[in-house]
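Trainee: Take this structure first; my questions come after.
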Amino acid sequence: FEKSFEIINTNRKFSEATIYKYDLLKRNLKEFKSKIDVSQIDIFFVNNFEKFLIAKGSGVHGTCSNHTKLDAIINQAVKLKLMKENPYVNKEYKVESKKMNFLTPEELIKFSKVNIGNDAGMILTKDRFLFSCYTGLAHVDINNLKKGNLDLKKGAIVLNRQKTGKVVEIPLNKKIKLLIIKYFAGKTDEDLLFPTVTNQNDNKRLKIFGEKINLKFSLCFHDGRHTFGSHMVNYLNVPITQVKELMGHSDISITAGYANTNLSILKEAMKKMD
């Protein structure tokens with residue numbers, strides 16, 4: 001793994017975000033099987049690794065990302081003659097585009113008002129998800145967010161997105177400030193703002209929240225980021241170029257995907273044409 005990765009990285013000069021994804025693959029492989037001999041890596045190994053990822057709570061895109069990176073590592077191993085063939089020649093793992101899920105403004109209000117009593121885990125997940133809806137930050141960025149990322153003079157959150165390495169500055173509003181205040185006290189600049197939660201545990205709890213507000217889809221953490229993008233583009237009419245910067249997208253075509261993704265919005269637009 002290390003030898004193949006070193007050669008690929010030298011040739012392509014990966015960003016920190018891509019290196020992180022390869023590190024994540026390496027951790028997943030070690031968790032899947034502590035000792036792996038190259039002779040064991042065949043189509044059955046790949047399929048069982050996929051089942052392991054899904055059972056662990058990995059989504060479609062996360063599973064695909066692991067496949068993509070492992071495929072590249074094996075390809076390099078074949079070139080180095082460490083392996084005879086790549087089992088991925090018989091494996092399809094490309095992700096088809098799917099409908100983007102997000103909460104409407106009304107659904108977001110319902111979510112924020114769900115009473116979950118004194119369940120500390122549910123309260124934490126609720127706050128973290130609302131923070132994502134209000135800031136557009138992804139799960140990994142919220143896990144990595146430190147008190148030092150809060151620039152009170154600028155009135156903004158300033159950080160490098162894990163996925164792209166792109167610096168984003170997100171202005172603070174009252175809703176964001178209220179969540180920050182709840183977790184801010186007694187922490188140094190190097191301390192994490194929120195307690196760390198795995199994506200799997202957050203998603204399990206969010207599924208319960210989704211059922212409580214009668215959503216037609218299974219709510220997951222990344223829907224918070226989708227909610228932010230959709231609200232900015234469709235409800236608040238913020239120019240896509242500005243939303244791109246807020247969300248730290250590498251390409252504006254990604255941001256454009258948030259435009260008019262809600263049927264009710266499209267219906268209203270069509271009525272205006274009458």
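By order of appearance in the structure tokens: chains A, B, ..., then residues from 1 within every chain, and ligands from 1 in the order shown.
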Could you name the residues that touch range 104-118 of chain A at 9 Å or less, counting only C-alpha atoms, but leaving out those on the same chain fewer than 4 positions away, as a ChimeraX atom specification?
Mentor: /A:122-123,126-127,130,133,209-210,212-213,215,227,230-231,235,262
Trainee: Quick one: DSSP alpha helix (DSSP H) residues in range 190-225 of chain A, as a ChimeraX atom specification?
Mentor: /A:199-212,222-225
Trainee: Please, could you write that set of residues out with all heavy atoms as a compact mmCIF listing (two decimals), in the first residue's frame?
Mentor:
# COMPACT_ATOMS: atom_id res chain seq x y z
N ASN A 199 -19.89 9.61 11.80
CA ASN A 199 -20.95 9.84 10.83
C ASN A 199 -22.06 8.80 11.00
O ASN A 199 -23.26 9.10 10.88
CB ASN A 199 -20.37 9.76 9.42
CG ASN A 199 -21.28 10.39 8.37
OD1 ASN A 199 -21.87 11.44 8.59
ND2 ASN A 199 -21.40 9.73 7.23
N GLN A 200 -21.66 7.58 11.31
CA GLN A 200 -22.62 6.49 11.50
C GLN A 200 -23.58 6.78 12.64
O GLN A 200 -24.80 6.62 12.50
CB GLN A 200 -21.86 5.19 11.77
CG GLN A 200 -22.77 3.96 11.91
CD GLN A 200 -21.96 2.68 12.17
OE1 GLN A 200 -20.76 2.74 12.39
NE2 GLN A 200 -22.64 1.56 12.16
N ASN A 201 -23.06 7.24 13.79
CA ASN A 201 -23.92 7.52 14.94
C ASN A 201 -24.82 8.73 14.71
O ASN A 201 -25.99 8.72 15.09
CB ASN A 201 -23.07 7.74 16.20
CG ASN A 201 -22.54 6.44 16.77
OD1 ASN A 201 -23.10 5.37 16.53
ND2 ASN A 201 -21.45 6.51 17.51
N ASP A 202 -24.26 9.77 14.08
CA ASP A 202 -25.09 10.93 13.75
C ASP A 202 -26.24 10.52 12.84
O ASP A 202 -27.39 10.94 13.03
CB ASP A 202 -24.25 12.02 13.08
CG ASP A 202 -23.65 13.01 14.08
OD1 ASP A 202 -24.21 13.15 15.19
OD2 ASP A 202 -22.62 13.63 13.76
N ASN A 203 -25.94 9.71 11.82
CA ASN A 203 -26.97 9.31 10.85
C ASN A 203 -28.05 8.44 11.50
O ASN A 203 -29.23 8.54 11.14
CB ASN A 203 -26.33 8.58 9.67
CG ASN A 203 -25.62 9.53 8.72
OD1 ASN A 203 -25.86 10.74 8.74
ND2 ASN A 203 -24.72 9.01 7.91
N LYS A 204 -27.67 7.58 12.43
CA LYS A 204 -28.65 6.75 13.13
C LYS A 204 -29.64 7.62 13.90
O LYS A 204 -30.85 7.39 13.88
CB LYS A 204 -27.95 5.80 14.11
CG LYS A 204 -27.31 4.59 13.46
CD LYS A 204 -26.66 3.70 14.51
CE LYS A 204 -26.01 2.47 13.87
NZ LYS A 204 -25.34 1.62 14.88
N ARG A 205 -29.12 8.65 14.55
CA ARG A 205 -29.98 9.55 15.33
C ARG A 205 -30.82 10.43 14.41
O ARG A 205 -32.00 10.69 14.70
CB ARG A 205 -29.11 10.41 16.25
CG ARG A 205 -28.40 9.61 17.33
CD ARG A 205 -27.32 10.44 17.99
NE ARG A 205 -26.55 9.65 18.94
CZ ARG A 205 -25.34 10.00 19.40
NH1 ARG A 205 -24.78 11.15 18.97
NH2 ARG A 205 -24.70 9.24 20.26
N LEU A 206 -30.22 10.87 13.30
CA LEU A 206 -30.96 11.74 12.38
C LEU A 206 -32.12 11.00 11.73
O LEU A 206 -33.16 11.61 11.41
CB LEU A 206 -30.02 12.30 11.31
CG LEU A 206 -29.07 13.39 11.80
CD1 LEU A 206 -28.05 13.75 10.72
CD2 LEU A 206 -29.84 14.64 12.22
N LYS A 207 -31.96 9.71 11.53
CA LYS A 207 -33.06 8.91 10.97
C LYS A 207 -34.28 9.00 11.88
O LYS A 207 -35.42 9.10 11.42
CB LYS A 207 -32.61 7.46 10.80
CG LYS A 207 -33.66 6.58 10.13
CD LYS A 207 -33.15 5.17 9.91
CE LYS A 207 -34.22 4.31 9.23
NZ LYS A 207 -33.74 2.91 9.02
N ILE A 208 -34.04 8.99 13.20
CA ILE A 208 -35.13 9.10 14.17
C ILE A 208 -35.77 10.48 14.10
O ILE A 208 -37.00 10.62 14.12
CB ILE A 208 -34.60 8.84 15.60
CG1 ILE A 208 -34.07 7.39 15.71
CG2 ILE A 208 -35.69 9.09 16.64
CD1 ILE A 208 -33.34 7.09 17.00
N PHE A 209 -34.93 11.51 13.97
CA PHE A 209 -35.45 12.88 13.84
C PHE A 209 -36.33 12.99 12.59
O PHE A 209 -37.41 13.60 12.62
CB PHE A 209 -34.31 13.88 13.74
CG PHE A 209 -33.73 14.31 15.05
CD1 PHE A 209 -32.50 13.83 15.48
CD2 PHE A 209 -34.41 15.20 15.86
CE1 PHE A 209 -31.97 14.23 16.70
CE2 PHE A 209 -33.88 15.61 17.08
CZ PHE A 209 -32.66 15.13 17.51
N GLY A 210 -35.86 12.41 11.49
CA GLY A 210 -36.60 12.47 10.24
C GLY A 210 -37.97 11.83 10.36
O GLY A 210 -38.96 12.32 9.82
N GLU A 211 -38.03 10.72 11.10
CA GLU A 211 -39.31 10.03 11.31
C GLU A 211 -40.24 10.87 12.16
O GLU A 211 -41.46 10.88 11.94
CB GLU A 211 -39.05 8.67 11.96
CG GLU A 211 -38.35 7.68 11.03
CD GLU A 211 -37.87 6.43 11.74
OE1 GLU A 211 -37.95 6.39 12.99
OE2 GLU A 211 -37.42 5.49 11.05
N LYS A 212 -39.67 11.59 13.12
CA LYS A 212 -40.48 12.42 14.02
C LYS A 212 -41.15 13.57 13.28
O LYS A 212 -42.22 14.04 13.68
CB LYS A 212 -39.62 12.96 15.17
CG LYS A 212 -39.29 11.93 16.25
CD LYS A 212 -38.46 12.53 17.35
CE LYS A 212 -38.17 11.53 18.46
NZ LYS A 212 -39.39 11.19 19.24
N HIS A 222 -25.27 14.69 5.73
CA HIS A 222 -24.89 15.50 4.58
C HIS A 222 -26.07 16.31 4.04
O HIS A 222 -25.88 17.29 3.32
CB HIS A 222 -24.29 14.64 3.48
CG HIS A 222 -23.40 15.40 2.54
ND1 HIS A 222 -22.22 16.00 2.95
CD2 HIS A 222 -23.52 15.70 1.22
CE1 HIS A 222 -21.66 16.61 1.92
NE2 HIS A 222 -22.43 16.45 0.86
N ASP A 223 -27.30 15.92 4.42
CA ASP A 223 -28.47 16.69 4.01
C ASP A 223 -28.47 18.08 4.64
O ASP A 223 -29.14 18.99 4.14
CB ASP A 223 -29.76 15.95 4.39
CG ASP A 223 -29.92 14.64 3.64
OD1 ASP A 223 -29.35 14.52 2.53
OD2 ASP A 223 -30.61 13.74 4.14
N GLY A 224 -27.72 18.25 5.72
CA GLY A 224 -27.60 19.58 6.33
C GLY A 224 -26.87 20.53 5.40
O GLY A 224 -27.27 21.68 5.21
N ARG A 225 -25.80 20.05 4.80
CA ARG A 225 -25.05 20.86 3.83
C ARG A 225 -25.92 21.15 2.60
O ARG A 225 -25.90 22.26 2.07
CB ARG A 225 -23.77 20.12 3.44
CG ARG A 225 -22.84 20.87 2.49
CD ARG A 225 -21.48 20.22 2.47
NE ARG A 225 -20.67 20.66 1.36
CZ ARG A 225 -19.99 21.82 1.31
NH1 ARG A 225 -20.06 22.65 2.32
NH2 ARG A 225 -19.27 22.13 0.25
Trainee: Interatomic distance between CA of Gln242 in chain A and CA of Gly229 in chain A?
Mentor: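 Between CA of Gln242 in chain A and CA of Gly229 in chain A the gap is 10.8 Å.
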Trainee: Using only C-alpha atoms, which protein or nucleic acid residues come within 9 Å of Val168 in chain A? Drop anything in the same chain fewer than 3 positions from it, and give the result as a ChimeraX atom specification.
Mentor: /A:157-161,245-248
Trainee: CA of Glu6 in chain A to CA of Val60 in chain A: how many Å, to one decimal?
Mentor: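 Calculated distance between CA of Glu6 in chain A and CA of Val60 in chain A is 27.1 Å.
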Trainee: So, with only C-alpha atoms as the atoms that count, which of A:Ala156, A:Val238, A:Ala120, A:Met100 lies closest to Ile254 in chain A?
Mentor: A:Met100
Trainee: Separation of CA of Ile73 in chain A and CA of Val197 in chain A, in Å?
Mentor: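 Those two atoms sit 29.1 Å apart.
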Trainee: Excluding Asn144 in chain A and its own-chain neighbours fewer than 3 positions away, which residues fall within 7 Å of it when counting only C-alpha atoms? Please give them as a CSV table (one decimal) with N, CA and C atoms, in the first residue's frame.
Mentor:
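Final file, around-v5.csv:
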chain,number,residue,atom,x,y,z
A,140,VAL,N,-17.2,16.1,8.4
A,140,VAL,CA,-15.7,16.1,8.8
A,140,VAL,C,-15.3,17.4,9.3
A,141,ASP,N,-15.8,18.5,8.6
A,141,ASP,CA,-15.3,19.9,9.0
A,141,ASP,C,-15.9,20.3,10.4
A,192,LEU,N,-11.6,21.5,20.3
A,192,LEU,CA,-12.7,21.3,19.3
A,192,LEU,C,-13.9,22.0,19.9
Trainee: Extract the full set of strand (DSSP E) residues from range 19-185 of chain A according to DSSP on the backbone, and format it as a list of chain:residue names.
Mentor: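 Residues of range 19-185 of chain A classed as strand (DSSP E): A:Leu150, A:Asp151, A:Ala156, A:Ile157, A:Val158, A:Leu159, A:Asn160, A:Val167, A:Val168, A:Glu169, A:Ile170, A:Pro171.
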Trainee: Looking at only C-alpha atoms, which of A:Ile54, A:Phe217, A:Leu193, A:Gly257 is the one that sits closest to Leu179 in chain A?
Mentor: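 With only C-alpha atoms as the atom set, the closest residue is A:Leu193.
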Trainee: Between A:Lys21, A:Thr255, A:Leu124, A:Glu169, which residue has the minimum interatomic distance to Thr241 in chain A, considering only C-alpha atoms?
Mentor: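 When distances to Thr241 in chain A are compared using only C-alpha atoms, the smallest one comes from A:Thr255.
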Trainee: Identify which of the residues A:Gln40, A:Asn66, A:Ser4, A:Asn28 lies closest to Leu80 in chain A, counting only C-alpha atoms when measuring atom-to-atom distances.
Mentor: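 Residue with the minimum atom-to-atom distance to Leu80 in chain A: A:Ser4.
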Trainee: I want to know what sits within 12 Å of Asn47 in chain A, based on only C-alpha atoms, with residues of the same chain fewer than 2 positions away left out; could you give that as a short mmCIF file (atom, residue, chain, number, x, y, z; two decimals) with all heavy atoms, in the first residue's frame?
Mentor:
data_model
loop_
_atom_site.label_atom_id
_atom_site.label_comp_id
_atom_site.auth_asym_id
_atom_site.auth_seq_id
_atom_site.Cartn_x
_atom_site.Cartn_y
_atom_site.Cartn_z
N PHE A 32 -10.97 -3.82 8.50
CA PHE A 32 -11.60 -4.94 7.79
C PHE A 32 -10.80 -6.22 8.00
O PHE A 32 -11.36 -7.28 8.30
CB PHE A 32 -11.71 -4.60 6.31
CG PHE A 32 -12.14 -5.74 5.43
CD1 PHE A 32 -13.37 -6.37 5.62
CD2 PHE A 32 -11.33 -6.18 4.39
CE1 PHE A 32 -13.78 -7.42 4.80
CE2 PHE A 32 -11.72 -7.22 3.57
CZ PHE A 32 -12.94 -7.85 3.78
N ILE A 41 -6.21 -10.64 -2.41
CA ILE A 41 -7.00 -9.56 -3.00
C ILE A 41 -7.53 -9.98 -4.36
O ILE A 41 -6.84 -9.92 -5.38
CB ILE A 41 -6.16 -8.27 -3.11
CG1 ILE A 41 -5.63 -7.87 -1.73
CG2 ILE A 41 -6.99 -7.14 -3.71
CD1 ILE A 41 -4.71 -6.67 -1.75
N ASP A 42 -8.78 -10.42 -4.33
CA ASP A 42 -9.46 -10.80 -5.56
C ASP A 42 -10.86 -10.19 -5.55
O ASP A 42 -11.16 -9.37 -4.68
CB ASP A 42 -9.53 -12.33 -5.70
CG ASP A 42 -10.14 -13.00 -4.47
OD1 ASP A 42 -10.82 -12.31 -3.68
OD2 ASP A 42 -9.93 -14.21 -4.29
N ILE A 43 -11.71 -10.56 -6.47
CA ILE A 43 -13.04 -9.97 -6.56
C ILE A 43 -13.85 -10.27 -5.30
O ILE A 43 -14.67 -9.46 -4.87
CB ILE A 43 -13.79 -10.47 -7.82
CG1 ILE A 43 -15.08 -9.67 -8.02
CG2 ILE A 43 -14.03 -11.96 -7.76
CD1 ILE A 43 -14.90 -8.20 -8.24
N PHE A 44 -13.62 -11.44 -4.68
CA PHE A 44 -14.33 -11.78 -3.45
C PHE A 44 -13.90 -10.86 -2.31
O PHE A 44 -14.72 -10.43 -1.49
CB PHE A 44 -14.08 -13.25 -3.08
CG PHE A 44 -14.56 -14.21 -4.13
CD1 PHE A 44 -13.66 -14.87 -4.97
CD2 PHE A 44 -15.92 -14.45 -4.29
CE1 PHE A 44 -14.12 -15.74 -5.94
CE2 PHE A 44 -16.38 -15.33 -5.26
CZ PHE A 44 -15.47 -15.97 -6.09
N PHE A 45 -12.60 -10.56 -2.24
CA PHE A 45 -12.07 -9.64 -1.23
C PHE A 45 -12.72 -8.27 -1.39
O PHE A 45 -13.17 -7.66 -0.42
CB PHE A 45 -10.54 -9.53 -1.38
CG PHE A 45 -9.91 -8.53 -0.45
CD1 PHE A 45 -9.39 -8.93 0.77
CD2 PHE A 45 -9.82 -7.18 -0.80
CE1 PHE A 45 -8.81 -8.01 1.64
CE2 PHE A 45 -9.24 -6.26 0.05
CZ PHE A 45 -8.73 -6.67 1.27
N PHE A 49 -15.16 -6.41 1.20
CA PHE A 49 -14.77 -5.11 1.74
C PHE A 49 -15.91 -4.11 1.59
O PHE A 49 -16.19 -3.31 2.48
CB PHE A 49 -13.51 -4.61 1.03
CG PHE A 49 -13.02 -3.27 1.52
CD1 PHE A 49 -12.76 -3.05 2.86
CD2 PHE A 49 -12.80 -2.23 0.61
CE1 PHE A 49 -12.29 -1.82 3.31
CE2 PHE A 49 -12.33 -1.00 1.05
CZ PHE A 49 -12.09 -0.79 2.40
N GLU A 50 -16.60 -4.19 0.46
CA GLU A 50 -17.75 -3.32 0.22
C GLU A 50 -18.85 -3.59 1.24
O GLU A 50 -19.45 -2.65 1.79
CB GLU A 50 -18.27 -3.53 -1.20
CG GLU A 50 -19.48 -2.66 -1.54
CD GLU A 50 -19.93 -2.87 -2.98
OE1 GLU A 50 -19.34 -2.26 -3.89
OE2 GLU A 50 -20.87 -3.67 -3.17
N LYS A 51 -19.13 -4.87 1.50
CA LYS A 51 -20.15 -5.23 2.49
C LYS A 51 -19.76 -4.71 3.87
O LYS A 51 -20.62 -4.25 4.63
CB LYS A 51 -20.31 -6.75 2.53
CG LYS A 51 -20.96 -7.34 1.28
CD LYS A 51 -21.01 -8.87 1.37
CE LYS A 51 -21.59 -9.46 0.09
NZ LYS A 51 -21.58 -10.95 0.13
N PHE A 52 -18.47 -4.79 4.19
CA PHE A 52 -17.97 -4.28 5.47
C PHE A 52 -18.21 -2.78 5.59
O PHE A 52 -18.67 -2.29 6.63
CB PHE A 52 -16.47 -4.58 5.58
CG PHE A 52 -15.74 -3.75 6.61
CD1 PHE A 52 -15.83 -4.06 7.96
CD2 PHE A 52 -14.99 -2.65 6.22
CE1 PHE A 52 -15.17 -3.29 8.91
CE2 PHE A 52 -14.32 -1.88 7.14
CZ PHE A 52 -14.41 -2.19 8.50
N LEU A 53 -17.92 -2.03 4.52
CA LEU A 53 -18.10 -0.57 4.53
C LEU A 53 -19.56 -0.20 4.73
O LEU A 53 -19.88 0.70 5.52
CB LEU A 53 -17.58 0.04 3.23
CG LEU A 53 -16.07 -0.01 3.00
CD1 LEU A 53 -15.73 0.44 1.57
CD2 LEU A 53 -15.34 0.88 4.01
N ILE A 54 -20.45 -0.90 4.02
CA ILE A 54 -21.88 -0.62 4.12
C ILE A 54 -22.38 -0.93 5.54
O ILE A 54 -23.14 -0.15 6.13
CB ILE A 54 -22.66 -1.42 3.08
CG1 ILE A 54 -22.30 -0.93 1.67
CG2 ILE A 54 -24.17 -1.30 3.31
CD1 ILE A 54 -22.85 -1.79 0.55
N THR A 63 -18.52 4.81 0.03
CA THR A 63 -18.11 3.48 -0.44
C THR A 63 -17.42 3.58 -1.79
O THR A 63 -16.38 2.95 -2.03
CB THR A 63 -19.34 2.55 -0.54
OG1 THR A 63 -19.97 2.45 0.74
CG2 THR A 63 -18.93 1.15 -1.01
N HIS A 67 -13.56 2.55 -3.00
CA HIS A 67 -13.29 1.71 -4.18
C HIS A 67 -12.33 2.42 -5.14
O HIS A 67 -11.40 1.80 -5.67
CB HIS A 67 -14.60 1.41 -4.91
CG HIS A 67 -15.38 0.26 -4.35
ND1 HIS A 67 -14.81 -0.96 -4.07
CD2 HIS A 67 -16.70 0.16 -4.01
CE1 HIS A 67 -15.73 -1.78 -3.59
NE2 HIS A 67 -16.88 -1.13 -3.54
N PRO A 87 -8.56 -6.97 -9.64
CA PRO A 87 -9.92 -7.52 -9.61
C PRO A 87 -10.99 -6.51 -10.00
O PRO A 87 -12.12 -6.90 -10.32
CB PRO A 87 -10.09 -7.97 -8.15
CG PRO A 87 -9.09 -7.17 -7.38
CD PRO A 87 -7.93 -6.98 -8.31
N TYR A 88 -10.64 -5.24 -10.01
CA TYR A 88 -11.62 -4.21 -10.36
C TYR A 88 -12.00 -4.22 -11.84
O TYR A 88 -12.96 -3.54 -12.23
CB TYR A 88 -11.12 -2.82 -9.96
CG TYR A 88 -11.38 -2.50 -8.51
CD1 TYR A 88 -10.37 -2.62 -7.56
CD2 TYR A 88 -12.64 -2.10 -8.07
CE1 TYR A 88 -10.60 -2.34 -6.22
CE2 TYR A 88 -12.89 -1.81 -6.74
CZ TYR A 88 -11.86 -1.93 -5.82
OH TYR A 88 -12.11 -1.66 -4.49
N ASN A 90 -13.43 -6.51 -13.10
CA ASN A 90 -14.73 -7.19 -13.07
C ASN A 90 -15.69 -6.55 -12.06
O ASN A 90 -16.67 -7.17 -11.64
CB ASN A 90 -14.55 -8.66 -12.69
CG ASN A 90 -13.68 -9.40 -13.69
OD1 ASN A 90 -13.89 -9.29 -14.89
ND2 ASN A 90 -12.68 -10.13 -13.20
N LYS A 91 -15.39 -5.29 -11.67
CA LYS A 91 -16.20 -4.64 -10.62
C LYS A 91 -16.67 -3.26 -11.07
O LYS A 91 -15.87 -2.43 -11.49
CB LYS A 91 -15.35 -4.50 -9.34
CG LYS A 91 -16.04 -3.75 -8.21
CD LYS A 91 -17.12 -4.58 -7.57
CE LYS A 91 -17.73 -3.87 -6.38
NZ LYS A 91 -18.84 -4.62 -5.78
N GLU A 92 -17.98 -3.02 -10.98
CA GLU A 92 -18.54 -1.71 -11.26
C GLU A 92 -18.81 -1.01 -9.94
O GLU A 92 -19.42 -1.58 -9.04
CB GLU A 92 -19.86 -1.84 -12.04
CG GLU A 92 -19.69 -2.35 -13.47
CD GLU A 92 -19.08 -1.31 -14.40
OE1 GLU A 92 -19.20 -0.11 -14.09
OE2 GLU A 92 -18.49 -1.70 -15.41
N TYR A 93 -18.35 0.23 -9.82
CA TYR A 93 -18.59 0.95 -8.56
C TYR A 93 -18.90 2.43 -8.77
O TYR A 93 -18.92 3.21 -7.84
CB TYR A 93 -17.40 0.81 -7.62
CG TYR A 93 -16.09 1.33 -8.17
CD1 TYR A 93 -15.75 2.67 -8.06
CD2 TYR A 93 -15.19 0.47 -8.79
CE1 TYR A 93 -14.54 3.15 -8.56
CE2 TYR A 93 -14.00 0.94 -9.30
CZ TYR A 93 -13.67 2.27 -9.18
OH TYR A 93 -12.48 2.75 -9.67
#
Trainee: My list of candidates is A:Asn75, A:Asp189, A:Val243, A:Ala256. Which is closest to Gly136 in chain A when distances are computed with only C-alpha atoms?
Mentor: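 For Gly136 in chain A, the nearest of the given residues is A:Val243.
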